[in-house]
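Listing of coords-v9.csv; format and content: CSV, C-alpha atoms.
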```
chain,number,residue,atom,x,y,z
E,4,MET,CA,79.6,103.7,75.5
E,5,ASN,CA,77.3,106.3,76.9
E,6,ARG,CA,78.4,108.6,79.8
E,7,LEU,CA,76.9,106.4,82.5
E,8,ASP,CA,78.6,103.3,81.2
E,9,ARG,CA,82.0,105.0,81.2
E,10,GLN,CA,81.4,106.5,84.7
E,11,LEU,CA,80.5,103.1,86.1
E,12,GLU,CA,83.5,101.5,84.4
E,13,PHE,CA,85.6,104.1,86.4
E,14,VAL,CA,83.8,103.2,89.6
E,15,GLN,CA,84.4,99.5,89.0
E,16,GLU,CA,88.1,100.1,88.3
E,17,ALA,CA,88.4,102.2,91.4
E,18,ASP,CA,87.3,99.2,93.5
E,19,ARG,CA,90.8,97.8,93.0
E,20,LEU,CA,92.3,100.4,95.3
E,21,LYS,CA,90.9,98.3,98.2
E,22,GLY,CA,93.6,95.8,97.4
E,23,VAL,CA,96.6,98.2,97.5
E,24,LEU,CA,98.4,97.9,100.9
E,25,ARG,CA,100.2,100.7,102.6
E,26,HIS,CA,103.1,100.6,105.1
E,27,THR,CA,100.9,102.0,107.8
E,28,ARG,CA,99.7,99.3,110.3
E,29,LEU,CA,96.2,99.4,111.9
E,30,THR,CA,95.9,98.4,115.6
E,31,ALA,CA,92.3,97.0,115.4
E,32,PRO,CA,92.2,94.9,113.3
E,33,PRO,CA,96.0,94.4,113.4
E,34,ARG,CA,96.8,94.5,109.7
E,35,ARG,CA,98.2,96.8,107.0
E,36,GLU,CA,96.0,99.7,105.9
E,37,ASN,CA,94.7,99.8,102.3
E,38,SER,CA,94.7,102.9,100.2
E,39,ALA,CA,90.9,103.0,99.8
E,40,GLU,CA,90.1,103.1,103.6
E,41,HIS,CA,93.1,105.5,104.0
E,42,SER,CA,91.5,107.8,101.4
E,43,TRP,CA,88.2,107.7,103.3
E,44,HIS,CA,90.0,108.5,106.6
E,45,LEU,CA,91.6,111.6,105.0
E,46,ALA,CA,88.2,112.8,103.6
E,47,LEU,CA,86.7,112.5,107.1
E,48,MET,CA,89.7,114.4,108.5
E,49,ALA,CA,89.0,117.2,106.0
E,50,VAL,CA,85.4,117.4,107.3
E,51,ALA,CA,86.4,117.3,111.0
E,52,LEU,CA,89.5,119.5,110.7
E,53,ALA,CA,88.3,122.0,108.1
E,54,GLU,CA,88.7,125.0,110.5
E,55,HIS,CA,92.4,124.4,110.7
E,56,ALA,CA,92.9,125.1,106.9
E,57,PRO,CA,93.9,128.6,105.9
E,58,PRO,CA,91.0,131.1,105.5
E,59,GLY,CA,89.3,130.8,102.1
E,60,THR,CA,90.2,127.1,101.6
E,61,ASP,CA,87.6,125.3,99.5
E,62,ILE,CA,87.1,122.2,101.7
E,63,GLY,CA,84.9,120.5,99.1
E,64,LYS,CA,87.8,120.6,96.7
E,65,VAL,CA,90.1,119.2,99.4
E,66,ILE,CA,87.7,116.3,99.9
E,67,THR,CA,87.6,115.6,96.2
E,68,MET,CA,91.4,115.7,96.1
E,69,VAL,CA,91.9,113.2,98.9
E,70,LEU,CA,89.2,110.9,97.4
E,71,LEU,CA,91.1,110.8,94.1
E,72,HIS,CA,94.7,111.2,95.2
E,73,ASP,CA,95.7,107.5,95.5
E,74,LEU,CA,93.8,106.0,92.5
E,75,VAL,CA,97.0,105.9,90.6
E,76,GLU,CA,98.3,103.3,93.1
E,77,ILE,CA,96.0,100.8,91.3
E,78,ASP,CA,98.7,100.6,88.7
E,79,ALA,CA,101.8,102.0,90.5
E,80,GLY,CA,101.3,100.5,94.0
E,81,ASP,CA,102.1,102.3,97.2
E,82,LEU,CA,105.6,103.5,98.0
E,83,SER,CA,106.7,104.5,101.5
E,84,VAL,CA,107.2,108.3,102.0
E,85,HIS,CA,110.5,107.3,103.4
E,86,ALA,CA,111.8,105.5,100.3
E,87,PRO,CA,115.0,106.8,98.6
E,88,ALA,CA,114.8,109.6,96.1
E,89,GLU,CA,115.5,107.3,93.1
E,90,GLU,CA,112.6,105.1,93.9
E,91,GLN,CA,110.4,108.2,94.5
E,92,ALA,CA,111.3,109.5,90.9
E,93,HIS,CA,110.4,106.1,89.4
E,94,GLN,CA,107.2,106.0,91.4
E,95,HIS,CA,106.3,109.5,90.1
E,96,ALA,CA,106.6,108.4,86.5
E,97,ALA,CA,104.5,105.3,87.1
E,98,GLU,CA,101.8,107.4,88.8
E,99,LEU,CA,101.7,109.8,85.8
E,100,ALA,CA,101.2,106.9,83.4
E,101,ALA,CA,98.5,105.5,85.7
E,102,ALA,CA,96.7,108.9,85.9
E,103,ASP,CA,96.7,108.9,82.0
E,104,ARG,CA,95.0,105.5,81.9
E,105,ILE,CA,92.6,105.7,84.9
E,106,PHE,CA,91.0,109.2,84.4
E,107,ALA,CA,90.6,108.5,80.7
E,108,LEU,CA,88.0,105.8,81.6
E,109,LEU,CA,85.6,108.8,82.3
E,110,PRO,CA,83.9,110.9,79.7
E,111,ALA,CA,86.4,113.4,78.3
E,112,ASP,CA,85.1,116.5,80.1
E,113,GLN,CA,85.1,114.8,83.5
E,114,ALA,CA,88.5,113.1,82.8
E,115,THR,CA,90.0,116.6,82.2
E,116,ARG,CA,88.4,118.1,85.3
E,117,LEU,CA,89.3,115.4,87.7
E,118,ARG,CA,92.8,114.9,86.2
E,119,ALA,CA,93.4,118.7,86.8
E,120,ILE,CA,92.4,118.3,90.5
E,121,TRP,CA,94.8,115.3,90.8
E,122,ASP,CA,97.6,117.3,89.1
E,123,GLU,CA,97.0,120.2,91.4
E,124,PHE,CA,97.3,117.9,94.4
E,125,GLU,CA,100.5,116.4,93.1
E,126,GLU,CA,102.1,119.7,92.4
E,127,ARG,CA,100.9,121.3,95.7
E,128,ARG,CA,100.0,124.5,93.8
E,129,SER,CA,97.0,125.7,95.8
E,130,VAL,CA,96.0,126.1,99.5
E,131,GLU,CA,93.6,123.2,98.9
E,132,ALA,CA,96.4,120.9,97.6
E,133,ARG,CA,98.7,121.9,100.5
E,134,PHE,CA,96.0,121.3,103.1
E,135,ALA,CA,95.2,117.9,101.5
E,136,ARG,CA,98.9,117.0,101.5
E,137,ALA,CA,99.1,118.0,105.2
E,138,LEU,CA,96.3,115.5,106.0
E,139,ASP,CA,98.0,112.8,104.0
E,140,ARG,CA,101.2,113.3,106.0
E,141,LEU,CA,99.5,113.7,109.4
E,142,GLN,CA,97.3,110.6,109.2
E,143,PRO,CA,100.0,107.9,109.2
E,144,ILE,CA,101.8,109.8,112.0
E,145,LEU,CA,98.6,109.6,114.1
E,146,LEU,CA,98.3,105.8,113.4
E,147,ASP,CA,102.0,105.0,113.8
E,148,VAL,CA,102.1,106.7,117.2
E,149,ARG,CA,99.0,104.9,118.4
E,150,ALA,CA,100.3,101.6,117.2
E,151,GLY,CA,103.6,102.1,119.0
E,152,GLY,CA,105.7,102.8,116.0
E,153,PRO,CA,105.8,99.4,114.1
E,154,ALA,CA,105.9,101.0,110.6
E,155,TRP,CA,108.8,103.3,111.6
E,156,ARG,CA,110.8,100.3,113.1
E,157,ALA,CA,110.1,98.1,110.1
E,158,GLN,CA,111.6,100.7,107.8
E,159,GLY,CA,114.4,101.8,110.2
E,160,VAL,CA,113.1,105.4,110.1
E,161,HIS,CA,114.5,108.1,112.5
E,162,ALA,CA,113.0,111.2,113.9
E,163,ASP,CA,114.7,113.6,111.4
E,164,GLU,CA,113.0,111.7,108.5
E,165,VAL,CA,109.6,112.0,110.2
E,166,LEU,CA,110.2,115.6,111.0
E,167,SER,CA,110.9,116.3,107.3
E,168,LYS,CA,107.3,115.1,106.6
E,169,VAL,CA,106.0,117.3,109.4
E,170,GLU,CA,107.3,120.2,107.4
E,171,LEU,CA,104.6,119.3,104.8
E,172,VAL,CA,102.0,119.3,107.5
E,173,GLU,CA,103.1,122.8,108.6
E,174,ASP,CA,103.0,124.0,105.0
E,175,GLY,CA,99.3,123.1,104.8
E,176,SER,CA,98.2,124.1,108.3
E,177,ALA,CA,100.0,125.9,111.1
E,178,ALA,CA,97.8,124.3,113.8
E,179,LEU,CA,98.1,120.7,112.5
E,180,GLY,CA,101.8,121.2,111.9
E,181,ALA,CA,102.4,122.3,115.5
E,182,PHE,CA,100.4,119.3,116.7
E,183,ALA,CA,102.3,116.9,114.5
E,184,ARG,CA,105.7,118.2,115.7
E,185,GLY,CA,104.6,117.8,119.3
E,186,LEU,CA,103.5,114.2,118.5
E,187,VAL,CA,106.8,113.3,117.0
E,188,GLU,CA,108.8,114.8,119.9
E,189,GLN,CA,106.6,112.8,122.3
E,190,ALA,CA,107.2,109.6,120.3
E,191,VAL,CA,111.0,110.1,120.6
E,192,ALA,CA,110.6,110.8,124.4
E,193,ASP,CA,108.5,107.7,124.7
E,194,GLY,CA,111.1,105.6,122.9
E,195,ILE,CA,108.8,104.5,120.0
E,196,LEU,CA,110.7,106.5,117.4
E,197,ALA,CA,114.5,106.5,117.1
E,198,PRO,CA,116.1,110.0,117.7
B,26,MET,CA,90.3,119.4,125.9
B,27,ASN,CA,90.6,122.0,123.2
B,28,ARG,CA,88.8,121.8,119.9
B,29,LEU,CA,91.7,120.2,118.0
B,30,ASP,CA,92.1,117.5,120.7
B,31,ARG,CA,88.4,116.6,120.5
B,32,GLN,CA,88.5,116.5,116.7
B,33,LEU,CA,91.5,114.2,116.6
B,34,GLU,CA,89.8,111.9,119.2
B,35,PHE,CA,86.9,111.7,116.7
B,36,VAL,CA,89.3,111.0,113.9
B,37,GLN,CA,91.1,108.2,115.9
B,38,GLU,CA,87.7,106.7,116.9
B,39,ALA,CA,86.6,106.7,113.3
B,40,ASP,CA,89.6,104.5,112.4
B,41,ARG,CA,87.7,101.6,113.9
B,42,LEU,CA,85.3,101.6,111.0
B,43,LYS,CA,88.1,99.8,109.0
B,44,GLY,CA,87.4,96.7,111.1
B,45,VAL,CA,83.6,96.5,110.5
B,46,LEU,CA,82.9,93.9,107.8
B,47,ARG,CA,80.0,94.0,105.4
B,48,HIS,CA,78.2,91.2,103.6
B,49,THR,CA,79.4,92.4,100.3
B,50,ARG,CA,82.4,90.4,98.9
B,51,LEU,CA,85.2,91.9,96.9
B,52,THR,CA,86.6,90.0,93.9
B,53,ALA,CA,90.2,91.2,94.1
B,54,PRO,CA,91.3,90.8,96.8
B,55,PRO,CA,88.7,88.0,97.5
B,56,ARG,CA,87.5,89.0,100.9
B,57,ARG,CA,84.6,90.8,102.6
B,58,GLU,CA,84.4,94.6,102.2
B,59,ASN,CA,84.8,96.8,105.2
B,60,SER,CA,82.6,99.8,105.9
B,61,ALA,CA,85.4,102.4,105.7
B,62,GLU,CA,86.5,101.4,102.1
B,63,HIS,CA,82.8,101.1,101.2
B,64,SER,CA,82.2,104.7,102.4
B,65,TRP,CA,85.2,105.9,100.2
B,66,HIS,CA,83.7,104.1,97.2
B,67,LEU,CA,80.3,105.8,97.7
B,68,ALA,CA,82.0,109.2,98.0
B,69,LEU,CA,83.9,108.6,94.8
B,70,MET,CA,80.7,107.5,93.1
B,71,ALA,CA,79.1,110.8,94.2
B,72,VAL,CA,81.9,112.6,92.4
B,73,ALA,CA,81.7,110.5,89.3
B,74,LEU,CA,77.9,110.2,89.0
B,75,ALA,CA,76.9,113.7,90.2
B,76,GLU,CA,75.2,114.6,87.0
B,77,HIS,CA,72.6,111.8,87.6
B,78,ALA,CA,71.4,113.5,90.8
B,79,PRO,CA,68.2,115.7,90.5
B,80,PRO,CA,68.9,119.3,89.4
B,81,GLY,CA,70.0,121.5,92.3
B,82,THR,CA,71.4,118.6,94.4
B,83,ASP,CA,74.3,119.8,96.7
B,84,ILE,CA,76.9,117.1,95.9
B,85,GLY,CA,79.2,118.4,98.6
B,86,LYS,CA,76.6,117.5,101.1
B,87,VAL,CA,76.0,114.1,99.5
B,88,ILE,CA,79.7,113.4,99.9
B,89,THR,CA,79.7,114.5,103.6
B,90,MET,CA,76.7,112.2,104.1
B,91,VAL,CA,78.3,109.1,102.7
B,92,LEU,CA,81.6,109.7,104.5
B,93,LEU,CA,79.6,109.8,107.8
B,94,HIS,CA,76.8,107.4,107.2
B,95,ASP,CA,78.3,104.2,108.5
B,96,LEU,CA,80.3,105.6,111.5
B,97,VAL,CA,77.5,104.2,113.8
B,98,GLU,CA,78.5,100.7,112.7
B,99,ILE,CA,81.6,101.1,115.0
B,100,ASP,CA,79.2,100.3,117.8
B,101,ALA,CA,76.2,98.7,116.1
B,102,GLY,CA,78.0,96.6,113.5
B,103,ASP,CA,76.8,96.0,109.9
B,104,LEU,CA,73.4,94.4,109.2
B,105,SER,CA,72.5,93.1,105.8
B,106,VAL,CA,69.8,95.2,104.0
B,107,HIS,CA,68.1,91.8,103.5
B,108,ALA,CA,67.8,91.1,107.3
B,109,PRO,CA,64.2,90.6,108.7
B,110,ALA,CA,62.2,93.7,109.9
B,111,GLU,CA,62.6,92.9,113.6
B,112,GLU,CA,66.4,92.8,113.3
B,113,GLN,CA,66.3,96.1,111.3
B,114,ALA,CA,64.3,97.8,114.1
B,115,HIS,CA,66.9,96.6,116.7
B,116,GLN,CA,69.7,97.8,114.5
B,117,HIS,CA,68.1,101.2,114.1
B,118,ALA,CA,67.9,101.7,117.9
B,119,ALA,CA,71.6,100.6,118.2
B,120,GLU,CA,72.6,103.1,115.5
B,121,LEU,CA,70.8,106.0,117.2
B,122,ALA,CA,72.7,105.2,120.5
B,123,ALA,CA,76.0,105.0,118.5
B,124,ALA,CA,75.3,108.4,116.9
B,125,ASP,CA,74.7,109.9,120.3
B,126,ARG,CA,78.1,108.7,121.5
B,127,ILE,CA,80.3,109.1,118.4
B,128,PHE,CA,79.3,112.6,117.2
B,129,ALA,CA,79.5,113.8,120.8
B,130,LEU,CA,83.3,113.3,120.7
B,131,LEU,CA,83.4,116.5,118.6
B,132,PRO,CA,83.1,120.1,119.8
B,133,ALA,CA,79.4,120.7,120.4
B,134,ASP,CA,78.8,123.0,117.4
B,135,GLN,CA,80.3,120.4,115.0
B,136,ALA,CA,78.6,117.5,116.7
B,137,THR,CA,75.3,119.2,116.2
B,138,ARG,CA,76.0,120.0,112.5
B,139,LEU,CA,77.3,116.6,111.5
B,140,ARG,CA,74.6,114.7,113.5
B,141,ALA,CA,72.0,116.7,111.7
B,142,ILE,CA,73.5,115.6,108.3
B,143,TRP,CA,73.5,111.9,109.6
B,144,ASP,CA,69.8,112.3,110.7
B,145,GLU,CA,68.9,113.8,107.3
B,146,PHE,CA,70.5,110.8,105.6
B,147,GLU,CA,68.8,108.2,107.9
B,148,GLU,CA,65.4,109.9,107.4
B,149,ARG,CA,65.8,110.4,103.6
B,150,ARG,CA,64.3,113.8,103.9
B,151,SER,CA,66.1,115.7,101.2
B,152,VAL,CA,67.2,115.2,97.6
B,153,GLU,CA,70.8,114.9,98.9
B,154,ALA,CA,69.8,112.1,101.4
B,155,ARG,CA,67.8,110.2,98.7
B,156,PHE,CA,70.7,110.4,96.2
B,157,ALA,CA,73.2,109.3,98.9
B,158,ARG,CA,70.9,106.4,99.7
B,159,ALA,CA,70.6,105.5,96.0
B,160,LEU,CA,74.4,105.2,95.9
B,161,ASP,CA,74.5,103.1,99.0
B,162,ARG,CA,72.0,100.7,97.5
B,163,LEU,CA,73.6,100.6,94.0
B,164,GLN,CA,77.1,100.0,95.1
B,165,PRO,CA,76.7,96.5,96.6
B,166,ILE,CA,74.5,95.5,93.5
B,167,LEU,CA,77.4,96.5,91.3
B,168,LEU,CA,79.9,94.5,93.3
B,169,ASP,CA,77.6,91.5,93.8
B,170,VAL,CA,77.0,91.2,90.1
B,171,ARG,CA,80.7,91.4,89.3
B,172,ALA,CA,81.5,88.8,91.9
B,173,GLY,CA,78.9,86.4,90.4
B,174,GLY,CA,76.4,86.8,93.3
B,175,PRO,CA,78.1,85.1,96.3
B,176,ALA,CA,76.6,87.5,98.9
B,177,TRP,CA,73.1,86.9,97.4
B,178,ARG,CA,73.6,83.1,97.5
B,179,ALA,CA,75.0,83.2,101.0
B,180,GLN,CA,71.9,85.0,102.3
B,181,GLY,CA,69.4,83.1,100.1
B,182,VAL,CA,68.2,86.3,98.6
B,183,HIS,CA,65.8,86.4,95.6
B,184,ALA,CA,65.3,88.9,92.8
B,185,ASP,CA,62.2,90.4,94.4
B,186,GLU,CA,64.2,91.4,97.5
B,187,VAL,CA,66.9,93.0,95.4
B,188,LEU,CA,64.3,94.8,93.3
B,189,SER,CA,62.8,96.3,96.5
B,190,LYS,CA,66.3,97.9,97.1
B,191,VAL,CA,66.3,99.0,93.5
B,192,GLU,CA,63.2,101.1,94.3
B,193,LEU,CA,65.5,103.1,96.7
B,194,VAL,CA,67.9,103.7,93.9
B,195,GLU,CA,65.1,104.9,91.6
B,196,ASP,CA,63.9,107.2,94.4
B,197,GLY,CA,67.2,109.0,94.4
B,198,SER,CA,68.1,109.0,90.7
B,199,ALA,CA,65.9,108.0,87.7
B,200,ALA,CA,69.0,107.2,85.6
B,201,LEU,CA,70.8,105.1,88.2
B,202,GLY,CA,67.5,103.4,89.1
B,203,ALA,CA,66.9,102.3,85.5
B,204,PHE,CA,70.5,101.1,85.3
B,205,ALA,CA,70.2,99.1,88.5
B,206,ARG,CA,66.9,97.5,87.4
B,207,GLY,CA,68.5,96.4,84.1
B,208,LEU,CA,71.5,95.0,86.1
B,209,VAL,CA,69.2,92.9,88.3
B,210,GLU,CA,67.2,91.6,85.4
B,211,GLN,CA,70.4,90.6,83.7
B,212,ALA,CA,71.7,88.9,86.8
B,213,VAL,CA,68.5,86.7,86.9
B,214,ALA,CA,68.9,86.0,83.2
B,215,ASP,CA,72.5,85.0,83.8
B,216,GLY,CA,71.5,82.7,86.6
B,217,ILE,CA,73.5,84.4,89.4
B,218,LEU,CA,70.4,85.7,91.2
B,219,ALA,CA,67.5,83.4,92.0
B,220,PRO,CA,64.2,84.6,90.3
```

Would you mind writing the file out in structure tokens?
Amino acid sequence: MNRLDRQLEFVQEADRLKGVLRHTRLTAPPRRENSAEHSWHLALMAVALAEHAPPGTDIGKVITMVLLHDLVEIDAGDLSVHAPAEEQAHQHAAELAAADRIFALLPADQATRLRAIWDEFEERRSVEARFARALDRLQPILLDVRAGGPAWRAQGVHADEVLSKVELVEDGSAALGAFARGLVEQAVADGILAP
Amino acid sequence: MNRLDRQLEFVQEADRLKGVLRHTRLTAPPRRENSAEHSWHLALMAVALAEHAPPGTDIGKVITMVLLHDLVEIDAGDLSVHAPAEEQAHQHAAELAAADRIFALLPADQATRLRAIWDEFEERRSVEARFARALDRLQPILLDVRAGGPAWRAQGVHADEVLSKVELVEDGSAALGAFARGLVEQAVADGILAP
């Protein structure tokens, strides 16, 4: 296959991410969010919230990261961030195998380059990766609060577990972290998140 | 409101794009595509197919364009590219009004900057806008061919109408345009698109 054929095979395979459902619930339409539209939302957040990243952050790289970050769920599915540690470890192994398969659909040079960006995100080893992760943790909190907390209730999640995710927002952006912490405290005060 | 509050209001409003349904049908899951996941798919295509843009194209700008391009459908809805000219003109006016409202949610400097990128896309007045438009025209052709042509049949679309969209792909990328033309000719040969 020539380069274009391989690239289009990757594009066609990526289409399947539209069928991977997350635990986050949308309010309008009232249904579960899928990982493709979630990835779009994160990329748009990177555009709109860029000034809250640490100085020198390459926002273009952040956007590429969030566009790619969930592709592995085509094989591995979505796991709640509140799942037990054992399930998280199993998920991590499944995602590594998925990354091996999916990025290899591309021409070798591109596969190497995009896989390195995905690895960087997973390992949170740059300001770009930490800002991307902050967006990935903030977005479901925004949606859960607006929906009145259904995903939290369905999973029996308490405030301390959500606040442990807020630490990842703070790690990527001080301003977004402070905002997220206030949002969670308000959710407890409003009775939509268990203390 | 401070800057962050305005940016997050924009982010929350953008969430509604997940509820705007397009005419394109997905194969797995078998349902209509929404405009948010479509926008993600275009952005991922920009990453994967960047080398087929004319030399000097700013791919970061192309990605921002496709992330933003359909936000106006929150107010205006999606109209088929095969709709009559009168409906297209009405849609264009509705989209301009929507852009006025939606970008104004952001702080003024950002609203001006992102609105200018949206205008540039709409008016196809740069290599970035023409490449972004090429992706926007190629993507539904890819999905329609794979699904066996249901969206074409549902709208009674013939090959000449699809080929008029292929011209917009050719205008943005010679390589992608040639590919799209071959795909449409094959679809006619396979009997999934009326000649």

**Item:** Residues of chain E within 7 Å of chain B, counting only C-alpha atoms, as a ChimeraX atom specification
**Value:** /E:10,14,19,21-22,31-32,39-40,42-43,47-48,51-52,63,70

Residues from last step as file, C-alpha atoms, as an mmCIF file, keeping the file's coordinate frame:
```cif
data_model
loop_
_atom_site.group_PDB
_atom_site.id
_atom_site.type_symbol
_atom_site.label_atom_id
_atom_site.label_comp_id
_atom_site.auth_asym_id
_atom_site.auth_seq_id
_atom_site.Cartn_x
_atom_site.Cartn_y
_atom_site.Cartn_z
ATOM 1 C CA GLN E 10 81.400 106.500 84.700
ATOM 2 C CA VAL E 14 83.800 103.200 89.600
ATOM 3 C CA ARG E 19 90.800 97.800 93.000
ATOM 4 C CA LYS E 21 90.900 98.300 98.200
ATOM 5 C CA GLY E 22 93.600 95.800 97.400
ATOM 6 C CA ALA E 31 92.300 97.000 115.400
ATOM 7 C CA PRO E 32 92.200 94.900 113.300
ATOM 8 C CA ALA E 39 90.900 103.000 99.800
ATOM 9 C CA GLU E 40 90.100 103.100 103.600
ATOM 10 C CA SER E 42 91.500 107.800 101.400
ATOM 11 C CA TRP E 43 88.200 107.700 103.300
ATOM 12 C CA LEU E 47 86.700 112.500 107.100
ATOM 13 C CA MET E 48 89.700 114.400 108.500
ATOM 14 C CA ALA E 51 86.400 117.300 111.000
ATOM 15 C CA LEU E 52 89.500 119.500 110.700
ATOM 16 C CA GLY E 63 84.900 120.500 99.100
ATOM 17 C CA LEU E 70 89.200 110.900 97.400
#
```

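One distance worth recording is that between atom CA of Ala56 of chain E and atom CA of Ser176 of chain E, which is 5.6 Å.
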
**Item:** Between atom CA of Arg104 of chain E and atom CA of Ile77 of chain E, distance in Å (one decimal)
**Value:** 10.6 Å

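If you look at atom CA of Glu112 of chain B and atom CA of Arg178 of chain B, they are 19.9 Å away from each other.
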
All residues 6 Å or closer to segment 151-157 of chain B, only C-alpha atoms, same chain fewer than 5 positions away omitted, as a tab-separated table (two decimals) with C-alpha atoms, in the frame of the given file:
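Once everything was written out, this is selection.tsv:
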```tsv
chain	number	residue	atom	x	y	z
B	82	THR	CA	71.40	118.60	94.40
B	87	VAL	CA	76.00	114.10	99.50
B	146	PHE	CA	70.50	110.80	105.60
B	197	GLY	CA	67.20	109.00	94.40
```

**Sphere at (92.1, 114.3, 91.0), radius 6 Å, counting all atoms listed in the file: residues as a ChimeraX atom specification** = /E:68,71-72,117-118,120-121

Can segment 163-178 of chain E be brought up to N, CA and C atoms and written out as a tab-separated table (two decimals), keeping the file's coordinate frame?
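In the end it all went to rebuild07.tsv:
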```tsv
chain	number	residue	atom	x	y	z
E	163	ASP	N	114.42	112.49	112.40
E	163	ASP	CA	114.70	113.60	111.40
E	163	ASP	C	113.89	113.33	110.12
E	164	GLU	N	113.74	112.05	109.74
E	164	GLU	CA	113.00	111.70	108.50
E	164	GLU	C	111.49	112.03	108.71
E	165	VAL	N	110.99	111.69	109.89
E	165	VAL	CA	109.60	112.00	110.20
E	165	VAL	C	109.35	113.48	110.24
E	166	LEU	N	110.32	114.18	110.84
E	166	LEU	CA	110.20	115.60	111.00
E	166	LEU	C	110.21	116.32	109.58
E	167	SER	N	110.90	115.72	108.61
E	167	SER	CA	110.90	116.30	107.30
E	167	SER	C	109.49	116.19	106.65
E	168	LYS	N	108.72	115.18	107.06
E	168	LYS	CA	107.30	115.10	106.60
E	168	LYS	C	106.42	116.04	107.38
E	169	VAL	N	106.79	116.30	108.64
E	169	VAL	CA	106.00	117.30	109.40
E	169	VAL	C	106.08	118.65	108.79
E	170	GLU	N	107.18	118.95	108.10
E	170	GLU	CA	107.30	120.20	107.40
E	170	GLU	C	106.13	120.39	106.37
E	171	LEU	N	105.73	119.27	105.77
E	171	LEU	CA	104.60	119.30	104.80
E	171	LEU	C	103.29	119.51	105.49
E	172	VAL	N	103.20	119.05	106.73
E	172	VAL	CA	102.00	119.30	107.50
E	172	VAL	C	101.93	120.81	107.83
E	173	GLU	N	103.05	121.35	108.28
E	173	GLU	CA	103.10	122.80	108.60
E	173	GLU	C	102.84	123.66	107.41
E	174	ASP	N	103.26	123.20	106.24
E	174	ASP	CA	103.00	124.00	105.00
E	174	ASP	C	101.55	124.09	104.67
E	175	GLY	N	100.75	123.11	105.12
E	175	GLY	CA	99.30	123.10	104.80
E	175	GLY	C	98.46	123.70	105.90
E	176	SER	N	98.94	123.61	107.15
E	176	SER	CA	98.20	124.10	108.30
E	176	SER	C	99.08	124.30	109.48
E	177	ALA	N	99.15	125.55	109.95
E	177	ALA	CA	100.00	125.90	111.10
E	177	ALA	C	99.59	125.07	112.33
E	178	ALA	N	98.29	124.99	112.59
E	178	ALA	CA	97.80	124.30	113.80
E	178	ALA	C	98.11	122.80	113.73
```
